[in-house]
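The next block holds one structure in the form of structure tokens; read it before the comments.
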Amino acid sequence: EWHLAGDVGRRYGAASGDRNPIHLHPLTARLFGFPRAIAHGMWTVARCLAEHGTPGAAFVRAEFRAPVLLPGTVTYAAEGGRFELRGHDDRVHVTGEVRPLLT
């Protein structure tokens, strides 16, 4: 279980240069129809991969199903090369897989 702070979007935006208003503040996110700021999709996948682990060269596939609202709590789960992130209401936010890249 991960407890995500309300500033995750701002911190990732500062590091990545992606300062999309839907990730920065609840007020700017509301202008685009979100009740609160949402986590960057790439941050979400990167966090899943950090938890999962990856081989030196990997194929990664991710499917974004629902935004992760900030602040928020999500649950990470993995089996084999597959992973997923779910909300407290069991809503699926991200699914994906990691497998070694054959060279």
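Just remember, in the structure tokens the first chain shown is A, the second B, etc., residues are 1-based per chain, and ligands are 1-based in the order shown.
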Next on the checklist: Report as a ChimeraX atom specification all protein, DNA and RNA residues lying within 7 Å of Gly72 in chain A, evaluated on only C-alpha atoms, omitting residues in the same chain fewer than 4 positions from it.
Outcome noted: /A:3-5
Take the selection from the previous step and output its residues with N, CA and C atoms, as a PDB file, in the first residue's frame.
ATOM      1  N   HIS A   3       0.918   5.449   0.211  1.00  0.00           N
ATOM      2  CA  HIS A   3       0.206   6.677   0.548  1.00  0.00           C
ATOM      3  C   HIS A   3       0.889   7.808  -0.224  1.00  0.00           C
ATOM      4  N   LEU A   4       0.178   8.383  -1.160  1.00  0.00           N
ATOM      5  CA  LEU A   4       0.750   9.386  -2.051  1.00  0.00           C
ATOM      6  C   LEU A   4       0.400  10.790  -1.574  1.00  0.00           C
ATOM      7  N   ALA A   5       1.408  11.601  -1.415  1.00  0.00           N
ATOM      8  CA  ALA A   5       1.223  12.971  -0.944  1.00  0.00           C
ATOM      9  C   ALA A   5       0.613  13.841  -2.037  1.00  0.00           C
TER      10      ALA A   5
END
Next on the checklist: I'd like to know which residues of chain A are strand (DSSP E) (by DSSP, run on the backbone); could you write them as an MDAnalysis selection string?
Outcome noted: chainID A and resid 2:4 58:64 72:79 82:87 92:100
Against range 91-96 of chain A, which residues of range 15-86 of chain A fall within 6 Å? For each one I want the closest pair of atoms and the distance in Å (one decimal), counting only C-alpha atoms, rows by chain and increasing residue number, as a tab-separated table.
residue	atom	partner	partner_atom	distance
A:Arg61	CA	A:Gly96	CA	5.3
A:Ala62	CA	A:Gly96	CA	4.1
A:Glu63	CA	A:Thr95	CA	5.3
A:Phe64	CA	A:Val94	CA	4.7
A:Arg65	CA	A:His93	CA	4.9
A:Ala66	CA	A:His93	CA	4.5
A:Arg82	CA	A:Gly96	CA	5.7
A:Phe83	CA	A:Gly96	CA	5.3
A:Glu84	CA	A:Thr95	CA	4.3
A:Leu85	CA	A:Val94	CA	5.2
A:Arg86	CA	A:Val92	CA	4.4
Item to check | Close residues, Leu101 in chain A itself excluded, 10 Å, only C-alpha atoms, min 2 positions apart in chain, as a PyMOL selection string | outcome: chain A and resi 55-60+98-99+103
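Residue nearest His25 in chain A within the list A:Ala77, A:Glu1, A:Glu51, A:Pro71: A:Pro71 [criterion: smallest interatomic distance, only C-alpha atoms].
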Checklist entry - What separation in Å, quoted to one decimal, exists between CA of Leu49 in chain A and CA of Gly9 in chain A? => result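 Taking CA of Leu49 in chain A and CA of Gly9 in chain A, their separation equals 17.8 Å.
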Item to check | Which of chain A fall in alpha helix (DSSP H), as number ranges by chain | outcome: A: 8-16, 26-30, 41-52
Show me a table, sorted first by chain and then by increasing residue number, of the residues of range 37-90 of chain A having an atom at most 12 Å from range 15-20 of chain A, each with its shortest atom pair and the distance in Å to one decimal, counting only C-alpha atoms and written as a tab-separated table.
residue	atom	partner	partner_atom	distance
A:Ala37	CA	A:Asn20	CA	10.1
A:Ile38	CA	A:Asn20	CA	10.1
A:Ala39	CA	A:Asn20	CA	10.5
A:His40	CA	A:Asp18	CA	8.8
A:Gly41	CA	A:Asp18	CA	11.2
A:Met42	CA	A:Ser16	CA	9.8
A:Trp43	CA	A:Ser16	CA	9.4
Writer output for current selection, C-alpha atoms, as a compact mmCIF listing (two decimals), in the first residue's frame:
# COMPACT_ATOMS: atom_id res chain seq x y z
CA ALA A 37 -4.67 16.90 -8.90
CA ILE A 38 -3.68 13.58 -10.46
CA ALA A 39 -0.36 11.73 -10.56
CA HIS A 40 1.60 11.74 -13.82
CA GLY A 41 1.17 8.47 -15.69
CA MET A 42 4.91 8.15 -16.21
CA TRP A 43 5.53 8.67 -12.49
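Separating CA of Leu27 in chain A from CA of Ala46 in chain A is a distance of 25.8 Å.
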Checklist entry - For Pro21 in chain A, which residue among A:Arg36, A:His52, A:His88, A:Arg47 is the nearest when counting only C-alpha atoms? => result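 Counting only C-alpha atoms, the residue closest to Pro21 in chain A is A:Arg36.
Counting only C-alpha atoms and comparing A:Leu31, A:Gly53, A:Gly81, A:Thr44, the residue that lies closest to Trp2 in chain A is A:Thr44.
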Checklist entry - Nearest to His23 in chain A: which of A:Leu69, A:Thr54, A:Thr75, A:Asp89 is it, counting only C-alpha atoms? => result A:Leu69
